[in-house]
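Here's the structure, in structure tokens; my notes come after.
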Amino acid sequence: MPRSIVQGVISHTMKIWPLFPAAIYLLGFLIIVTVYLLGMSFTVVDGGAVSASLAPAARLLALPEFRQALVNTVMFVVVGTPLELVVGLWLALMMYQSFRFRGMMRSMLIIPLAIPALVTATLLFILFDYPGGHINHLLMGRYWFFPAVVDAPVNWRGSMAFSLGISLLGKVWRDMPISMLILLAGLNAIDPELFDAAKTMGAGLRKRLRHVILPLILPSVSAVVLLRSIEMWKEFIFPFVLAGQHDLLGTLIESLYNNWGNSHEAAAVALVLVVCIIVSALVLFRVLEGLRRLLVYA
Amino acid sequence: MADVILKNITKHHGDCRVIDNLSLDIRGGEFVTLLGPSGCGKTTLLRMVAGLTSVEQGELWIGGALYNDIPAQRRRIAMVFQSYALFPHMSVKDNVLFGLRIRKAPPHEMFDKLSWVMPLLGLEGLESRLPKEISGGQRQRAALARALVLDPEVLLLDEPLSNLDAALREMAMEELKRIHQQVGKTILYVTHNQAEAMSMSQRIAVMKAGRIEHFDTPRVVYDHPHTVFTAQFIGSPVINMLEGEIERGDGVIGAKTGLGFFVLDRDRGAQAGAMIGRRVRVGIRPQNVLFAPHSAARRASDTRIEVTAELVETLGDRSLVIARADDGTMIRFMITRDESIPAGTRVAALVDGRRIHLFEPATGINVFAGDKQ
């Protein structure tokens with residue numbers, strides 16, 4: 001081998017060697033988990049003997065709880081991701097304005113992130129508990145400052161739509177600062193003179209948002225949509241605490257493993273979740289590219 | 001071609017008064033420059049005219065209408081920003097047409113405007129390029145094109161040449177002047193560069209600390225500065241300022257300084273007759289000091305001085321001599337490239353008394369100017 005090629009390889013290796021430990025760590029984990037997941041999803045254990053089988057996948061497809069959890073999770077992603085984007089964008093636009101106490105306001109808006117998700121979910125559980133939660137007490141006139149609206153307590157978390165809705169709102173409330181901060185960073189990276197220029201050319205707020213702000217923060221919007229949609233797919237704590245038997249895919253894995261003792265079906269659900277996330281990310285890439293073309297070239 | 005009238009405008013940023021009871025009357029079609037150092041309030045004033053900054057006190061009239069409370073997007077004004085503010089995600093063509101699209105102009109109007117402005121500013125062939133794909137000079141022209149197609153009543157330019165190199169800036173100045181002659185718009189131009197102001201403007205408003213120090217034609221501002229600040233800000237190299245006193249001598253009236261007695265011309269001498277004994281600051285531009293080693297005074301108002309050269313700075317076709325008189329008074333003057341003065345040499349020069357400026361020491365106001373504008 002010529003000496004120059006050897007020197008090139010050594011020089012290149014010296015430049016990237018600090019990446020090796022992190023790369024080995026990440027890839028190692030990924031490979032171990034993927035192999036284990038695939039192995040569990042497509043095998044059965046019969047009398048201590050492990051054999052390849054599609055039985056876990058077949059059993060899963062026949063399971064009504066799985067189909068319902070899949071629908072629930074899709075709804076969670078489809079409603080939750082845009083909601084978090086819109087709330088985050090609105091707050092970022094507010095925080096982008098200069099006003100008195102802006103720094104303090106921004107700090108306050110980040111507080112939800114500092115509260116553990118389990119605590120937030122438990123607080124919501126207490127609020128909407130049946131029959132003695134604070135919301136029921138409030139509506140039944142137990143507090144002096146609010147009149148009685150209902151005669152009997154309402155089992156809020158008994159309804160699938162309501163319990164998952166509360167889970168979704170809790171999730172959005174807790175994680176909204178992440179979206180806000182990503183979008184605010186995107187807004188702050190834009191030269192303010194661009195907004196002034198648009199104003200002097202006759203663009204009101206709506207047109208500035210459509211023609212200047214959105215196209216220029218599209219990279220931040222893409223980051224929010226992709227990251228937050230993945231988080232929505234994986235959500236566990238809020239529905240686990242608040243939605244009880246109304247599972248998402250994340251909580252169904254736990255149910256199958258811990259309650260039903262079926263680790264192979266649980267692994268198959270986890271595999272479905274990974275596939276959903278990959279497909280969703282690919283679809284969102286296409287959608288976001290279409291949005292970029294629409295905003296930039298229309 | 002709308003006129004712009006500012007009446008007693010005041011603006012604060014926090015506790016700082018950035019515009020201080022300022023009034024300015026700009027005629028329709030005029031090219032006026034706001035000239036001043038950083039922080040003097042010139043950009044704030046421009047942004048008030050644009051509607052990007054509110055008018056706190058006073059009145060802003062454009063084309064005979066009160067504009068104080070009209071938002072920026074409803075003013076028929078276009079602005080070119082220091083950074084050009086071209087939308088990075090749009091092509092040059094889309095940038096130029098942005099304002100027309102926002103105003104829902106018909107397609108034939110957009111086509112006509114584009115066909116007019118692109119050759120006017122030498123942007124043909126760049127229509128589909130993004131701002132990052134064109135040079136600084138082309139960006140500046142694209143920003144100007146974007147403003148011109150809106151057919152604004154007033155065109156505002158905020159230091160649009162400050163990002164260009166010297167050669168490009170000179171070309172751009174010529175272009176701006178030519179465009180103003182062609183389109184005849186009222187132009188309000190902001191800069192801290194006196195060369196830009198002098199070469200392009202019909203009138204210059206010299207600003208300091210939120211106030212207008214002097215507002216007149218470039219020639220008058222240079223030849224008859226109202227204040228010490230104006231005299232020092234306009235002109236390069238910087239004017240010499242000496243301490244002196246108005247005195248009478250041998251039938252003439254002049255200013256006595258450490259360098260000598262400078263005879264005033266007849267008109268100003270007559271006015272200064274009532275000021276005998278008054279302390280003044282004497283301003284002498286380096287260009288009005290003639291290096292004359294052997295010649296005697298050419299006219300009655302010439303004063304011969306003798307100084308020792310301390311430093312000589314080459315400026316290209318001329319050199320700047322920094323010299324000191326026997327009493328320690330410093331003076332700077334110019335010599336041509338053919339003349340040579342070694343440092344430490346004793347030299348003689350003639351000061352043209354017709355061109356000296358006398359200012360009140362306390363207020364800095366020109367003693368012949370009356371109240372400053």
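Residues are referred to by chain and number: the chain letter is A, B, ... according to the order shown in the structure tokens, the number counts from 1 in that chain, and ligands are numbered separately from 1 in the order shown.
Non-sequential neighbours of stretch 223-229 of chain B (distance at most 7 Å, separation of 4 or more positions within a chain, only C-alpha atoms) are B:Glu213, B:His214, B:Arg219, B:Phe233, B:Phe359, B:Gly364, B:Ile365, B:Asn366, B:Ala369, B:Lys372.
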Return the neighbours of chain B among the residues of chain A, cut-off 6 Å, counting only C-alpha atoms, as a list in words.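 Output check: Glu193, Leu194, Lys199, Thr200, Met201, Gly202 and Ala203 of chain A.
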Print the selection's residues with N, CA and C atoms to a file, as a PDB file, in the first residue's frame.
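The file below, selection-v3.pdb, is the result:
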ATOM      1  N   GLU A 193     -34.833  43.097  10.640  1.00  0.00           N
ATOM      2  CA  GLU A 193     -35.076  44.049   9.546  1.00  0.00           C
ATOM      3  C   GLU A 193     -35.940  43.420   8.448  1.00  0.00           C
ATOM      4  N   LEU A 194     -35.969  42.067   8.385  1.00  0.00           N
ATOM      5  CA  LEU A 194     -36.828  41.421   7.383  1.00  0.00           C
ATOM      6  C   LEU A 194     -38.298  41.697   7.689  1.00  0.00           C
ATOM      7  N   LYS A 199     -43.118  45.022   6.529  1.00  0.00           N
ATOM      8  CA  LYS A 199     -44.096  46.036   6.954  1.00  0.00           C
ATOM      9  C   LYS A 199     -44.107  47.221   5.992  1.00  0.00           C
ATOM     10  N   THR A 200     -42.909  47.721   5.670  1.00  0.00           N
ATOM     11  CA  THR A 200     -42.864  48.911   4.804  1.00  0.00           C
ATOM     12  C   THR A 200     -43.371  48.592   3.401  1.00  0.00           C
ATOM     13  N   MET A 201     -43.432  47.319   3.051  1.00  0.00           N
ATOM     14  CA  MET A 201     -43.961  46.959   1.730  1.00  0.00           C
ATOM     15  C   MET A 201     -45.440  46.610   1.789  1.00  0.00           C
ATOM     16  N   GLY A 202     -46.054  46.875   2.925  1.00  0.00           N
ATOM     17  CA  GLY A 202     -47.502  46.750   3.002  1.00  0.00           C
ATOM     18  C   GLY A 202     -48.012  45.467   3.635  1.00  0.00           C
ATOM     19  N   ALA A 203     -47.121  44.630   4.171  1.00  0.00           N
ATOM     20  CA  ALA A 203     -47.568  43.350   4.728  1.00  0.00           C
ATOM     21  C   ALA A 203     -48.036  43.521   6.177  1.00  0.00           C
TER      22      ALA A 203
END
Pick the closest to B:Gln287 from B:Glu360, B:Glu196, B:Asp352, B:Asp112: which is it, counting only C-alpha atoms?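 That would be B:Asp352, the residue with the smallest distance to B:Gln287.
If you look at atom CA of B:Ser340 and atom CA of B:Arg304, they are 18.9 Å away from each other.
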Nearby residues (only C-alpha atoms) at most 9 Å from A:Leu187, same-chain spacing under 6 positions excluded, as a compact mmCIF listing (two decimals) with N, CA and C atoms, in the first residue's frame:
# COMPACT_ATOMS: atom_id res chain seq x y z
N ALA A 92 -44.17 31.33 21.27
CA ALA A 92 -42.89 31.85 20.77
C ALA A 92 -43.08 33.23 20.15
N LEU A 93 -44.19 33.42 19.42
CA LEU A 93 -44.46 34.74 18.83
C LEU A 93 -44.70 35.78 19.93
N TYR A 96 -41.42 36.62 21.50
CA TYR A 96 -40.53 37.33 20.57
C TYR A 96 -40.75 38.84 20.67
N ILE A 213 -42.37 34.93 8.15
CA ILE A 213 -42.05 34.21 9.38
C ILE A 213 -42.06 32.68 9.17
N LEU A 216 -39.31 31.17 7.02
CA LEU A 216 -37.97 31.28 7.60
C LEU A 216 -37.80 30.44 8.87
N ILE A 217 -38.92 30.12 9.55
CA ILE A 217 -38.76 29.25 10.73
C ILE A 217 -39.13 27.81 10.39
N SER A 220 -37.18 25.12 12.06
CA SER A 220 -37.57 24.92 13.46
C SER A 220 -38.90 24.19 13.55
Among stretch 56-224 of chain B, which residues does DSSP mark as strand (DSSP E) when it is run on the backbone? Keep the chain and numbering as in the structure and answer as a ChimeraX atom specification. /B:57-62,65-66,77-80,154-158,186-191,203-208,211-216
Would you save the residues of that selection, restricted to N, CA and C atoms, as a JSON list (two decimals), in the first residue's frame?
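Final output, result-v6.json:
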[["chain", "number", "residue", "atom", "x", "y", "z"],
["B", 57, "GLN", "N", -43.91, 62.67, 20.47],
["B", 57, "GLN", "CA", -44.44, 64.04, 20.50],
["B", 57, "GLN", "C", -44.14, 64.70, 19.17],
["B", 58, "GLY", "N", -44.95, 65.67, 18.80],
["B", 58, "GLY", "CA", -44.71, 66.38, 17.55],
["B", 58, "GLY", "C", -45.57, 65.85, 16.42],
["B", 59, "GLU", "N", -45.34, 66.36, 15.24],
["B", 59, "GLU", "CA", -46.17, 65.99, 14.08],
["B", 59, "GLU", "C", -45.31, 65.58, 12.91],
["B", 60, "LEU", "N", -45.79, 64.56, 12.20],
["B", 60, "LEU", "CA", -45.12, 64.10, 10.98],
["B", 60, "LEU", "C", -46.11, 64.25, 9.83],
["B", 61, "TRP", "N", -45.79, 65.12, 8.89],
["B", 61, "TRP", "CA", -46.66, 65.37, 7.74],
["B", 61, "TRP", "C", -45.98, 64.85, 6.48],
["B", 62, "ILE", "N", -46.70, 64.05, 5.69],
["B", 62, "ILE", "CA", -46.16, 63.58, 4.42],
["B", 62, "ILE", "C", -47.20, 63.88, 3.34],
["B", 65, "ALA", "N", -50.54, 65.27, 4.55],
["B", 65, "ALA", "CA", -51.39, 64.51, 5.48],
["B", 65, "ALA", "C", -50.61, 64.19, 6.75],
["B", 66, "LEU", "N", -51.34, 64.22, 7.87],
["B", 66, "LEU", "CA", -50.70, 63.89, 9.16],
["B", 66, "LEU", "C", -50.52, 62.38, 9.24],
["B", 77, "ILE", "N", -44.56, 54.43, 1.44],
["B", 77, "ILE", "CA", -43.15, 54.71, 1.68],
["B", 77, "ILE", "C", -42.37, 53.44, 1.43],
["B", 78, "ALA", "N", -41.19, 53.55, 0.89],
["B", 78, "ALA", "CA", -40.35, 52.36, 0.73],
["B", 78, "ALA", "C", -39.01, 52.63, 1.41],
["B", 79, "MET", "N", -38.43, 51.58, 1.91],
["B", 79, "MET", "CA", -37.19, 51.76, 2.67],
["B", 79, "MET", "C", -36.15, 50.73, 2.24],
["B", 80, "VAL", "N", -34.93, 51.20, 2.12],
["B", 80, "VAL", "CA", -33.80, 50.29, 1.87],
["B", 80, "VAL", "C", -33.00, 50.24, 3.17],
["B", 154, "VAL", "N", -42.21, 58.59, -0.74],
["B", 154, "VAL", "CA", -40.90, 58.93, -0.16],
["B", 154, "VAL", "C", -40.05, 57.66, -0.12],
["B", 155, "LEU", "N", -38.81, 57.80, -0.49],
["B", 155, "LEU", "CA", -37.88, 56.66, -0.46],
["B", 155, "LEU", "C", -36.89, 56.90, 0.68],
["B", 156, "LEU", "N", -36.82, 55.92, 1.60],
["B", 156, "LEU", "CA", -35.94, 56.06, 2.76],
["B", 156, "LEU", "C", -34.76, 55.10, 2.60],
["B", 157, "LEU", "N", -33.57, 55.61, 2.81],
["B", 157, "LEU", "CA", -32.38, 54.78, 2.64],
["B", 157, "LEU", "C", -31.54, 54.85, 3.92],
["B", 158, "ASP", "N", -31.39, 53.70, 4.57],
["B", 158, "ASP", "CA", -30.66, 53.66, 5.85],
["B", 158, "ASP", "C", -29.27, 53.07, 5.65],
["B", 186, "THR", "N", -38.84, 61.87, -3.60],
["B", 186, "THR", "CA", -38.28, 62.47, -2.39],
["B", 186, "THR", "C", -37.45, 61.38, -1.72],
["B", 187, "ILE", "N", -36.19, 61.70, -1.45],
["B", 187, "ILE", "CA", -35.32, 60.69, -0.83],
["B", 187, "ILE", "C", -34.79, 61.22, 0.49],
["B", 188, "LEU", "N", -34.94, 60.41, 1.52],
["B", 188, "LEU", "CA", -34.35, 60.72, 2.82],
["B", 188, "LEU", "C", -33.30, 59.65, 3.07],
["B", 189, "TYR", "N", -32.06, 60.09, 3.18],
["B", 189, "TYR", "CA", -30.92, 59.17, 3.18],
["B", 189, "TYR", "C", -30.17, 59.33, 4.51],
["B", 190, "VAL", "N", -29.86, 58.23, 5.15],
["B", 190, "VAL", "CA", -29.14, 58.29, 6.43],
["B", 190, "VAL", "C", -27.73, 57.75, 6.25],
["B", 191, "THR", "N", -26.77, 58.49, 6.74],
["B", 191, "THR", "CA", -25.39, 58.01, 6.71],
["B", 191, "THR", "C", -24.54, 58.71, 7.77],
["B", 203, "ARG", "N", -29.64, 68.70, 0.03],
["B", 203, "ARG", "CA", -29.43, 69.35, 1.33],
["B", 203, "ARG", "C", -29.03, 68.30, 2.35],
["B", 204, "ILE", "N", -28.23, 68.75, 3.32],
["B", 204, "ILE", "CA", -27.75, 67.85, 4.38],
["B", 204, "ILE", "C", -28.25, 68.38, 5.73],
["B", 205, "ALA", "N", -28.81, 67.47, 6.53],
["B", 205, "ALA", "CA", -29.17, 67.81, 7.91],
["B", 205, "ALA", "C", -28.12, 67.16, 8.81],
["B", 206, "VAL", "N", -27.25, 67.97, 9.37],
["B", 206, "VAL", "CA", -26.22, 67.43, 10.27],
["B", 206, "VAL", "C", -26.86, 67.27, 11.64],
["B", 207, "MET", "N", -26.80, 66.04, 12.19],
["B", 207, "MET", "CA", -27.46, 65.78, 13.47],
["B", 207, "MET", "C", -26.46, 65.50, 14.59],
["B", 208, "LYS", "N", -26.84, 65.95, 15.77],
["B", 208, "LYS", "CA", -26.04, 65.63, 16.96],
["B", 208, "LYS", "C", -26.99, 65.51, 18.14],
["B", 211, "ARG", "N", -30.68, 66.38, 17.70],
["B", 211, "ARG", "CA", -31.04, 67.71, 17.20],
["B", 211, "ARG", "C", -30.36, 67.97, 15.86],
["B", 212, "ILE", "N", -30.95, 68.90, 15.10],
["B", 212, "ILE", "CA", -30.33, 69.30, 13.84],
["B", 212, "ILE", "C", -29.35, 70.43, 14.13],
["B", 213, "GLU", "N", -28.09, 70.22, 13.78],
["B", 213, "GLU", "CA", -27.08, 71.25, 14.00],
["B", 213, "GLU", "C", -27.08, 72.24, 12.83],
["B", 214, "HIS", "N", -27.26, 71.72, 11.63],
["B", 214, "HIS", "CA", -27.21, 72.59, 10.45],
["B", 214, "HIS", "C", -27.96, 71.88, 9.33],
["B", 215, "PHE", "N", -28.82, 72.62, 8.61],
["B", 215, "PHE", "CA", -29.58, 72.02, 7.51],
["B", 215, "PHE", "C", -29.49, 72.95, 6.31],
["B", 216, "ASP", "N", -28.71, 72.54, 5.36],
["B", 216, "ASP", "CA", -28.52, 73.41, 4.17],
["B", 216, "ASP", "C", -27.87, 72.60, 3.05]]
My list of candidates is A:Ala161, A:Leu124, A:Leu85, A:Met95. Which is closest to A:Met176 when distances are computed with only C-alpha atoms?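 Nearest to A:Met176: A:Leu85.
The smallest atom-to-atom distance between A:Ala55 and any of A:Glu231, A:Asp196, A:Glu265, A:Glu289, using only C-alpha atoms, is found for A:Glu265.
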Best match for closeness to B:Lys256 among B:Lys93, B:Arg279, B:Arg268, B:Lys185, counting only C-alpha atoms: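 Among the listed residues, the smallest separation from B:Lys256 belongs to B:Arg279.
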Selection: 10 Å around B:Tyr222, only C-alpha atoms, excl. self and same-chain fewer than 5 positions, as a VMD selection string: chain B and resid 198 216 to 217 230 to 235 285
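Comparing the minimum interatomic distances between B:Ile26 and each of B:Leu168, B:Ser201, B:Ala145, B:Glu109, counting only C-alpha atoms, we find that B:Ser201 sits nearest.
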Report, in Å to a single decimal, how far apart atom CA of B:Pro286 and atom CA of B:Met241 are.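 Going from atom CA of B:Met241 over to atom CA of B:Pro286 covers 10.4 Å.
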Point out the residue among A:Leu227, A:Met140, A:Leu295, A:Ala281 with the least atom-to-atom distance to A:Glu84, counting only C-alpha atoms. A:Leu227
Within 8 Å of stretch 57-61 of chain A using only C-alpha atoms, minus same-chain residues under 5 positions, as a PDB file with N, CA and C atoms, in the first residue's frame:
ATOM      1  N   SER A  41     -40.195 -10.938  19.012  1.00  0.00           N
ATOM      2  CA  SER A  41     -41.430 -10.754  18.245  1.00  0.00           C
ATOM      3  C   SER A  41     -41.728 -11.928  17.337  1.00  0.00           C
ATOM      4  N   PHE A  42     -40.715 -12.593  16.887  1.00  0.00           N
ATOM      5  CA  PHE A  42     -40.927 -13.662  15.896  1.00  0.00           C
ATOM      6  C   PHE A  42     -40.502 -15.043  16.407  1.00  0.00           C
ATOM      7  N   PHE A  66     -55.297  -4.320  20.980  1.00  0.00           N
ATOM      8  CA  PHE A  66     -54.197  -3.808  20.152  1.00  0.00           C
ATOM      9  C   PHE A  66     -54.724  -2.830  19.102  1.00  0.00           C
ATOM     10  N   ARG A  67     -55.833  -3.246  18.420  1.00  0.00           N
ATOM     11  CA  ARG A  67     -56.377  -2.391  17.365  1.00  0.00           C
ATOM     12  C   ARG A  67     -56.841  -1.053  17.956  1.00  0.00           C
ATOM     13  N   GLU A 265     -45.789 -10.947  22.762  1.00  0.00           N
ATOM     14  CA  GLU A 265     -46.729  -9.993  22.182  1.00  0.00           C
ATOM     15  C   GLU A 265     -46.300  -8.552  22.518  1.00  0.00           C
ATOM     16  N   ALA A 268     -43.765  -7.587  20.190  1.00  0.00           N
ATOM     17  CA  ALA A 268     -44.341  -7.338  18.866  1.00  0.00           C
ATOM     18  C   ALA A 268     -44.977  -5.954  18.808  1.00  0.00           C
ATOM     19  N   VAL A 269     -45.642  -5.528  19.914  1.00  0.00           N
ATOM     20  CA  VAL A 269     -46.234  -4.176  19.948  1.00  0.00           C
ATOM     21  C   VAL A 269     -45.123  -3.127  19.866  1.00  0.00           C
TER      22      VAL A 269
END
Tell me which protein, DNA and RNA residues are within 12 Å of stretch 318-326 of chain B, counting only C-alpha atoms, leaving out same-chain ones fewer than 2 positions away, and put them as a PyMOL selection string. chain B and resi 236-238+240+242+257-260+285-287+289-291+305-316+328-349
Among stretch 130-319 of chain B, which residues carry a DSSP assignment of alpha helix (DSSP H), reported as an MDAnalysis selection string? chainID B and resid 136:148 166:183 194:200 218:223 228:233 266:272
